[in-house]
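Text of structure01.txt (compact mmCIF, C-alpha atoms) as supplied:
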# COMPACT_ATOMS: atom_id res chain seq x y z
CA MET Y 279 63.99 105.51 96.55
CA ARG Y 280 64.73 109.19 95.91
CA VAL Y 281 68.32 110.05 96.81
CA LEU Y 282 69.92 113.47 97.00
CA ILE Y 283 73.71 113.39 96.61
CA THR Y 284 75.52 116.59 97.56
CA GLY Y 285 79.08 117.43 96.56
CA ALA Y 286 78.50 115.51 93.33
CA GLY Y 287 81.36 117.26 91.54
CA GLY Y 288 84.06 115.78 93.77
CA GLN Y 289 85.77 112.41 93.46
CA LEU Y 290 83.51 110.78 96.07
CA GLY Y 291 80.36 112.37 94.66
CA ARG Y 292 81.15 111.05 91.20
CA ALA Y 293 81.82 107.59 92.64
CA LEU Y 294 78.50 107.68 94.51
CA VAL Y 295 76.61 108.51 91.33
CA ALA Y 296 78.41 105.73 89.44
CA ALA Y 297 77.61 103.18 92.17
CA ALA Y 298 73.94 104.15 92.59
CA PRO Y 299 71.56 101.15 92.73
CA ALA Y 300 69.29 100.74 89.73
CA ALA Y 301 66.24 101.29 91.92
CA ALA Y 302 67.44 104.69 93.12
CA THR Y 303 66.21 107.93 91.60
CA VAL Y 304 69.20 110.19 92.08
CA ARG Y 305 69.47 113.94 92.11
CA ALA Y 306 73.18 114.78 92.16
CA CYS Y 307 74.06 118.38 93.07
CA THR Y 308 77.44 120.05 92.81
CA HIS Y 309 78.35 122.94 95.11
CA SER Y 310 77.35 125.45 92.43
CA GLU Y 311 73.94 123.77 92.21
CA LEU Y 312 73.36 123.47 95.97
CA ASP Y 313 75.21 125.22 98.79
CA ILE Y 314 74.42 122.91 101.70
CA ALA Y 315 74.88 125.74 104.22
CA ASP Y 316 72.17 127.83 102.54
CA GLU Y 317 69.01 127.01 104.50
CA ALA Y 318 66.65 128.45 101.88
CA ALA Y 319 68.35 126.58 99.03
CA VAL Y 320 68.29 123.31 100.95
CA ALA Y 321 64.63 123.79 101.88
CA ALA Y 322 63.79 124.44 98.22
CA ALA Y 323 65.68 121.33 97.12
CA PHE Y 324 63.79 119.21 99.66
CA ALA Y 325 60.46 120.70 98.62
CA ALA Y 326 61.13 120.06 94.94
CA PHE Y 327 62.62 116.57 95.20
CA ALA Y 328 61.42 115.18 98.57
CA PRO Y 329 64.46 112.94 99.10
CA GLN Y 330 64.16 109.80 101.18
CA LEU Y 331 67.93 109.56 101.56
CA VAL Y 332 70.58 112.29 101.53
CA ILE Y 333 74.24 111.31 101.09
CA ASN Y 334 76.45 114.27 101.89
CA ALA Y 335 79.79 114.19 100.08
CA ALA Y 336 80.15 117.99 100.10
CA ALA Y 337 83.11 119.31 102.07
CA PHE Y 338 85.96 121.80 102.18
CA THR Y 339 88.82 119.30 101.80
CA ARG Y 340 91.82 121.55 101.14
CA VAL Y 341 93.45 120.93 104.51
CA ASP Y 342 96.12 123.64 104.37
CA ASP Y 343 93.82 126.23 102.81
CA ALA Y 344 91.40 125.70 105.70
CA GLU Y 345 93.93 127.24 108.08
CA ARG Y 346 93.67 130.48 106.11
CA ALA Y 347 89.96 130.20 105.33
CA ALA Y 348 88.53 128.93 108.60
CA ALA Y 349 85.12 130.54 108.07
CA GLU Y 350 84.73 129.00 104.63
CA ALA Y 351 85.79 125.57 105.95
CA ALA Y 352 83.36 125.85 108.87
CA ARG Y 353 80.52 126.80 106.52
CA ALA Y 354 80.99 123.69 104.38
CA ASN Y 355 82.13 121.17 106.99
CA ALA Y 356 80.16 122.20 110.08
CA ALA Y 357 77.24 124.48 109.18
CA GLY Y 358 76.35 122.56 106.01
CA PRO Y 359 75.82 119.17 107.68
CA ALA Y 360 73.79 120.89 110.40
CA VAL Y 361 71.49 122.46 107.78
CA LEU Y 362 71.07 119.16 105.94
CA ALA Y 363 70.35 117.31 109.18
CA ALA Y 364 67.74 119.89 110.20
CA ALA Y 365 66.04 119.53 106.82
CA CYS Y 366 66.05 115.75 107.17
CA ARG Y 367 64.59 116.04 110.68
CA LEU Y 368 61.66 118.02 109.29
CA SER Y 369 61.04 115.36 106.65
CA THR Y 370 61.33 111.58 106.65
CA ALA Y 371 64.77 111.52 105.01
CA TRP Y 372 67.76 109.57 106.28
CA LEU Y 373 71.13 111.35 106.27
CA THR Y 374 74.45 109.69 105.50
CA HIS Y 375 77.36 112.02 106.16
CA VAL Y 376 81.06 111.54 105.42
CA SER Y 377 83.70 112.58 107.94
CA SER Y 378 87.45 112.15 108.25
CA ASP Y 379 90.30 110.45 110.08
CA PHE Y 380 91.63 113.97 110.72
CA VAL Y 381 89.30 114.24 113.72
CA PHE Y 382 92.05 112.31 115.59
CA ASP Y 383 95.45 113.58 116.70
CA GLY Y 384 97.40 110.45 115.70
CA ARG Y 385 98.99 109.88 119.10
CA GLN Y 386 97.17 106.60 119.86
CA GLY Y 387 99.46 104.33 117.84
CA HIS Y 388 96.86 101.67 116.99
CA PRO Y 389 93.70 101.77 114.84
CA TYR Y 390 91.03 104.18 116.03
CA GLU Y 391 87.65 102.65 116.86
CA PRO Y 392 84.54 104.78 116.21
CA GLY Y 393 84.21 105.46 119.94
CA ALA Y 394 87.78 106.74 120.33
CA ARG Y 395 88.13 110.26 121.69
CA PRO Y 396 88.57 112.84 118.89
CA ALA Y 397 91.30 115.47 119.17
CA PRO Y 398 91.73 117.31 115.85
CA LEU Y 399 94.98 119.12 115.12
CA SER Y 400 93.76 121.39 112.32
CA VAL Y 401 90.91 123.64 111.26
CA TYR Y 402 89.90 121.00 108.75
CA GLY Y 403 89.79 118.28 111.41
CA ARG Y 404 87.95 120.50 113.88
CA THR Y 405 85.28 121.55 111.39
CA LYS Y 406 84.76 117.97 110.22
CA LEU Y 407 84.26 116.94 113.85
CA GLU Y 408 81.79 119.77 114.36
CA GLY Y 409 79.88 118.61 111.30
CA GLU Y 410 79.50 115.03 112.45
CA ILE Y 411 78.48 116.16 115.95
CA ALA Y 412 75.82 118.47 114.50
CA ALA Y 413 74.43 115.77 112.21
CA LEU Y 414 74.17 113.19 114.99
CA ARG Y 415 72.69 115.73 117.41
CA GLU Y 416 69.93 116.67 114.97
CA LEU Y 417 69.24 113.10 113.84
CA PRO Y 418 70.35 110.64 116.54
CA GLN Y 419 68.16 107.85 115.15
CA ARG Y 420 68.24 108.68 111.42
CA CYS Y 421 71.86 109.48 110.62
CA THR Y 422 74.86 107.46 109.46
CA VAL Y 423 78.28 109.10 109.86
CA VAL Y 424 81.20 107.39 108.15
CA ARG Y 425 84.79 108.44 108.80
CA ALA Y 426 87.18 107.59 105.99
CA SER Y 427 90.90 108.14 105.43
CA TRP Y 428 93.25 109.17 102.63
CA LEU Y 429 90.60 109.16 99.91
CA TYR Y 430 91.78 108.93 96.31
CA SER Y 431 90.62 107.98 92.81
CA ALA Y 432 92.33 107.40 89.48
CA GLY Y 433 92.16 111.10 88.70
CA GLY Y 434 91.84 112.67 92.12
CA GLY Y 435 93.26 112.91 95.60
CA PHE Y 436 96.86 111.97 96.32
CA ALA Y 437 97.06 109.44 93.48
CA GLY Y 438 96.01 111.99 90.89
CA ARG Y 439 98.43 114.60 92.21
CA MET Y 440 101.32 112.13 92.30
CA LEU Y 441 100.73 110.95 88.74
CA ALA Y 442 100.74 114.56 87.54
CA LEU Y 443 103.94 115.33 89.46
CA MET Y 444 105.65 112.17 88.22
CA ARG Y 445 105.03 113.33 84.67
CA SER Y 446 106.45 116.80 85.29
CA ARG Y 447 109.15 116.64 88.00
CA PRO Y 448 112.67 115.17 87.81
CA GLU Y 449 112.42 113.97 91.41
CA LEU Y 450 109.96 113.95 94.31
CA ARG Y 451 110.26 114.23 98.08
CA VAL Y 452 107.42 112.66 100.06
CA VAL Y 453 106.74 112.52 103.79
CA SER Y 454 107.43 109.12 105.34
CA ASP Y 455 106.51 109.67 109.00
CA GLN Y 456 102.73 110.06 108.58
CA VAL Y 457 100.95 106.70 108.47
CA GLY Y 458 97.39 105.90 107.46
CA ALA Y 459 95.27 103.72 105.19
CA PRO Y 460 94.64 104.82 101.59
CA THR Y 461 90.99 104.41 100.64
CA HIS Y 462 89.80 104.42 97.10
CA ALA Y 463 86.68 106.42 96.36
CA ALA Y 464 84.69 103.71 94.56
CA GLY Y 465 85.07 101.38 97.53
CA LEU Y 466 83.92 104.02 99.99
CA ALA Y 467 80.95 104.82 97.72
CA ALA Y 468 79.83 101.18 97.74
CA VAL Y 469 80.03 101.08 101.53
CA LEU Y 470 78.09 104.34 101.89
CA TRP Y 471 75.28 102.95 99.76
CA ALA Y 472 75.24 99.70 101.73
CA LEU Y 473 75.17 101.39 105.14
CA SER Y 474 72.46 103.76 103.92
CA GLU Y 475 70.29 100.95 102.63
CA ARG Y 476 70.62 99.19 105.99
CA ARG Y 477 69.81 102.42 107.86
CA ALA Y 478 72.86 101.88 110.06
CA ALA Y 479 72.67 104.73 112.56
CA GLY Y 480 75.67 106.17 114.39
CA LEU Y 481 79.40 106.37 113.76
CA TRP Y 482 81.20 103.96 111.42
CA HIS Y 483 84.71 103.72 110.01
CA TRP Y 484 85.91 102.65 106.57
CA CYS Y 485 89.29 102.43 104.86
CA ASP Y 486 91.17 99.92 102.77
CA SER Y 487 93.20 97.29 104.62
CA GLY Y 488 96.85 97.61 105.52
CA VAL Y 489 98.85 100.71 106.39
CA ALA Y 490 101.20 102.99 104.50
CA SER Y 491 103.09 106.21 104.78
CA TRP Y 492 102.60 108.87 102.15
CA TYR Y 493 106.04 107.82 100.85
CA ASP Y 494 104.93 104.17 100.60
CA PHE Y 495 101.79 105.26 98.80
CA ALA Y 496 103.72 107.42 96.33
CA VAL Y 497 106.21 104.63 95.54
CA ALA Y 498 103.33 102.19 94.95
CA ILE Y 499 101.56 104.66 92.66
CA GLY Y 500 104.71 104.97 90.57
CA GLU Y 501 105.28 101.22 90.41
CA GLU Y 502 101.70 100.38 89.47
CA ALA Y 503 101.47 103.20 86.93
CA LEU Y 504 104.68 102.01 85.30
CA LYS Y 505 103.35 98.43 85.01
CA LEU Y 506 100.13 99.74 83.47
CA ARG Y 507 102.07 102.01 81.11
CA LEU Y 508 100.42 105.09 82.50
CA LEU Y 509 103.97 106.40 82.88
CA THR Y 510 107.04 105.68 80.78
CA THR Y 511 109.38 106.41 83.67
CA VAL Y 512 109.14 107.21 87.37
CA PRO Y 513 111.35 109.92 88.87
CA PRO Y 514 113.35 109.15 92.04
CA ILE Y 515 111.24 109.48 95.18
CA ALA Y 516 113.01 110.41 98.42
CA PRO Y 517 111.50 109.86 101.88
CA ILE Y 518 111.52 112.93 104.15
CA GLY Y 519 110.23 113.81 107.59
CA SER Y 520 107.30 116.10 108.32
CA ALA Y 521 109.76 118.63 109.71
CA ASP Y 522 111.41 118.78 106.27
CA TYR Y 523 108.08 119.66 104.65
CA PRO Y 524 106.29 122.13 106.92
CA THR Y 525 102.64 122.80 106.12
CA PRO Y 526 100.12 125.31 107.51
CA ALA Y 527 97.99 122.49 108.94
CA ALA Y 528 99.29 119.86 111.33
CA ARG Y 529 98.58 116.27 110.30
CA PRO Y 530 98.11 113.23 112.56
CA ALA Y 531 101.19 111.01 112.52
CA TYR Y 532 98.99 107.91 112.67
CA SER Y 533 95.36 107.87 111.55
CA VAL Y 534 94.49 104.26 110.71
CA LEU Y 535 90.79 103.56 111.31
CA ASP Y 536 89.39 100.40 112.89
CA LYS Y 537 86.72 99.30 110.40
CA ARG Y 538 85.95 95.84 111.79
CA ALA Y 539 82.42 96.74 112.92
CA THR Y 540 81.57 97.92 109.40
CA GLU Y 541 83.03 94.77 107.85
CA ARG Y 542 80.99 92.58 110.22
CA LEU Y 543 77.76 94.45 109.54
CA LEU Y 544 78.15 94.35 105.77
CA ALA Y 545 79.80 90.90 105.66
CA VAL Y 546 82.66 92.18 103.52
CA SER Y 547 86.42 92.47 103.84
CA ALA Y 548 88.12 95.65 102.72
CA PRO Y 549 90.70 95.05 99.99
CA HIS Y 550 94.34 95.72 100.76
CA TRP Y 551 95.16 99.27 99.71
CA ARG Y 552 97.78 98.07 97.23
CA SER Y 553 95.28 95.79 95.46
CA ALA Y 554 92.69 98.56 95.39
CA LEU Y 555 95.27 100.98 93.98
CA ARG Y 556 96.19 98.55 91.21
CA ALA Y 557 92.54 98.00 90.29
CA THR Y 558 91.74 101.71 90.44
CA LEU Y 559 94.55 102.67 88.09
CA ALA Y 560 93.80 99.77 85.73
CA VAL Y 561 90.02 100.20 85.57
CA PRO Y 562 88.71 103.23 87.43
CA GLY Y 563 85.77 102.11 89.59
CA ALA Y 564 86.90 98.50 89.98
CA GLY Y 565 88.54 96.65 92.82
CA TYR Y 566 86.19 97.36 95.73
CA PRO Y 567 83.88 95.18 97.79
CA GLN Y 568 80.22 94.94 96.80
CA PRO Y 569 78.23 94.68 100.05

Is it possible to express this structure as structure tokens?
Amino acid sequence: MRVLITGAGGQLGRALVAAAPAAATVRACTHSELDIADEAAVAAAFAAFAPQLVINAAAFTRVDDAERAAAEAARANAAGPAVLAAACRLSTAWLTHVSSDFVFDGRQGHPYEPGARPAPLSVYGRTKLEGEIAALRELPQRCTVVRASWLYSAGGGFAGRMLALMRSRPELRVVSDQVGAPTHAAGLAAVLWALSERRAAGLWHWCDSGVASWYDFAVAIGEEALKLRLLTTVPPIAPIGSADYPTPAARPAYSVLDKRATERLLAVSAPHWRSALRATLAVPGAGYPQP
């Protein structure tokens, strides 16, 4: 099977390449190698490689920067998936596209099922919603859209930033009134491959089990890193409210995803986020279910 992976330079793209099945012939493209919103470039890539599966991990993920660069965010998050889906429609390729928990406003108070009504609060969330709508509109029978939350890896996302800050700051202040489910990139990559191989059309959710605030997540990162001797000391971490740390983009206060349908389909159980964090920091790429 010929597989085109876009956004291959990011933490999810790297995890997808690492988790690729032995039978897959993979072409992994970074943004500099393939701008997914460039119709001519995408058409040329399809003509040269003739992918049977496209996994789109390309995105504008800098949530606050998106408020100031709405056009750039829309190009990557909305126009890009539409271009890829159109190219897949003209060929026989299946498209697997990654979306975000930020399509929800966080007011529900219990885990969001795939059919829950989206209501994004930010440019990032809005453009991610537009991207998934475009992909499913172009390919209603040949597209998998997976929403994921709080993605991280040993060297990227929130975990990577926290480790760097813990090495350089005397103390940290972290928001404690935003709740979600951390999801480690290698686990999401395994699920994306499994859903793609099963040609599971429609909307799906994936995240690690349990819930946490950003403060909880930061404290756990410090504790696990200390046990693994990745840090010699952990600075004090103080919980604060969102009002004490204003950001350009509004975040959902609660964005836990209901992933039970995905677990049933793949016959797996998502690891608890704390276990996945421990495994990720100890052996990057470990600690995730193998559907």

Hey, what's within 12 Å of segment 402-406 of chain Y if we count all atoms listed in the file and toss same-chain stuff fewer than 3 positions away? As a ChimeraX atom specification, please? /Y:335-360,375-384,396-399,409-413,423-427,526-530,533

Restricting it to C-alpha atoms, dump the selection as a CSV table (one decimal), keeping the file's coordinate frame.
chain,number,residue,atom,x,y,z
Y,335,ALA,CA,79.8,114.2,100.1
Y,336,ALA,CA,80.2,118.0,100.1
Y,337,ALA,CA,83.1,119.3,102.1
Y,338,PHE,CA,86.0,121.8,102.2
Y,339,THR,CA,88.8,119.3,101.8
Y,340,ARG,CA,91.8,121.6,101.1
Y,341,VAL,CA,93.4,120.9,104.5
Y,342,ASP,CA,96.1,123.6,104.4
Y,343,ASP,CA,93.8,126.2,102.8
Y,344,ALA,CA,91.4,125.7,105.7
Y,345,GLU,CA,93.9,127.2,108.1
Y,346,ARG,CA,93.7,130.5,106.1
Y,347,ALA,CA,90.0,130.2,105.3
Y,348,ALA,CA,88.5,128.9,108.6
Y,349,ALA,CA,85.1,130.5,108.1
Y,350,GLU,CA,84.7,129.0,104.6
Y,351,ALA,CA,85.8,125.6,106.0
Y,352,ALA,CA,83.4,125.8,108.9
Y,353,ARG,CA,80.5,126.8,106.5
Y,354,ALA,CA,81.0,123.7,104.4
Y,355,ASN,CA,82.1,121.2,107.0
Y,356,ALA,CA,80.2,122.2,110.1
Y,357,ALA,CA,77.2,124.5,109.2
Y,358,GLY,CA,76.4,122.6,106.0
Y,359,PRO,CA,75.8,119.2,107.7
Y,360,ALA,CA,73.8,120.9,110.4
Y,375,HIS,CA,77.4,112.0,106.2
Y,376,VAL,CA,81.1,111.5,105.4
Y,377,SER,CA,83.7,112.6,107.9
Y,378,SER,CA,87.4,112.2,108.2
Y,379,ASP,CA,90.3,110.4,110.1
Y,380,PHE,CA,91.6,114.0,110.7
Y,381,VAL,CA,89.3,114.2,113.7
Y,382,PHE,CA,92.0,112.3,115.6
Y,383,ASP,CA,95.4,113.6,116.7
Y,384,GLY,CA,97.4,110.4,115.7
Y,396,PRO,CA,88.6,112.8,118.9
Y,397,ALA,CA,91.3,115.5,119.2
Y,398,PRO,CA,91.7,117.3,115.8
Y,399,LEU,CA,95.0,119.1,115.1
Y,409,GLY,CA,79.9,118.6,111.3
Y,410,GLU,CA,79.5,115.0,112.4
Y,411,ILE,CA,78.5,116.2,116.0
Y,412,ALA,CA,75.8,118.5,114.5
Y,413,ALA,CA,74.4,115.8,112.2
Y,423,VAL,CA,78.3,109.1,109.9
Y,424,VAL,CA,81.2,107.4,108.2
Y,425,ARG,CA,84.8,108.4,108.8
Y,426,ALA,CA,87.2,107.6,106.0
Y,427,SER,CA,90.9,108.1,105.4
Y,526,PRO,CA,100.1,125.3,107.5
Y,527,ALA,CA,98.0,122.5,108.9
Y,528,ALA,CA,99.3,119.9,111.3
Y,529,ARG,CA,98.6,116.3,110.3
Y,530,PRO,CA,98.1,113.2,112.6
Y,533,SER,CA,95.4,107.9,111.6

What separation in Å, quoted to one decimal, exists between atom CA of Ser491 of chain Y and atom CA of Ala468 of chain Y?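 If I compute the distance from atom CA of Ser491 of chain Y to atom CA of Ala468 of chain Y, I get 24.8 Å.
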
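Atom to atom, atom CA of Ala306 of chain Y and atom CA of Ala432 of chain Y stand 20.7 Å apart.
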
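Computed from the coordinates, the atom CA of Trp471 of chain Y to atom CA of Gln330 of chain Y distance equals 13.1 Å.
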
Distance query Pro389 of chain Y at most 7 Å, only C-alpha atoms, self and fewer than 5 positions along chain excluded, as an MDAnalysis selection string: chainID Y and resid 534:536

Write out, as a PDB file, in the coordinates of the input, the residues just selected, with C-alpha atoms.
ATOM      1  CA  VAL Y 534      94.490 104.260 110.710  1.00  0.00           C
ATOM      2  CA  LEU Y 535      90.790 103.560 111.310  1.00  0.00           C
ATOM      3  CA  ASP Y 536      89.390 100.400 112.890  1.00  0.00           C
TER       4      ASP Y 536
END

Give me the residues near segment 453-464 of chain Y as a count of residues only, where near means some atom within 7 Å (using all atoms listed in the file) and where sequence neighbours in that chain fewer than 3 positions away do not count. 32

Under the rule that all atoms listed in the file are counted, which of Y:Gly465, Y:Gly500, Y:Pro549, Y:Pro329 is the nearest residue to Ala296 of chain Y?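 Using all atoms listed in the file, the shortest distance to Ala296 of chain Y belongs to Y:Gly465.
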
Pick from Y:Pro418, Y:Ala325, Y:Gln386, Y:Thr525 nearest to Ser400 of chain Y, counting all atoms listed in the file: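 The shortest atom-to-atom distance to Ser400 of chain Y comes from Y:Thr525.
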
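Here the question is which of Y:Asp494, Y:Pro513, Y:Glu501, Y:Leu417 gets nearest to Val452 of chain Y using all atoms listed in the file, and that residue is Y:Asp494.
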
Of the candidates Y:Ala322, Y:Val401, Y:Val546, Y:Ile283, which shows the shortest atom-to-atom distance to Arg305 of chain Y, using all atoms listed in the file? Y:Ile283

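Distances here use only C-alpha atoms; by that measure, the residue among Y:Leu470, Y:His550, Y:Pro514, Y:Ser369 closest to Leu294 of chain Y is Y:Leu470.
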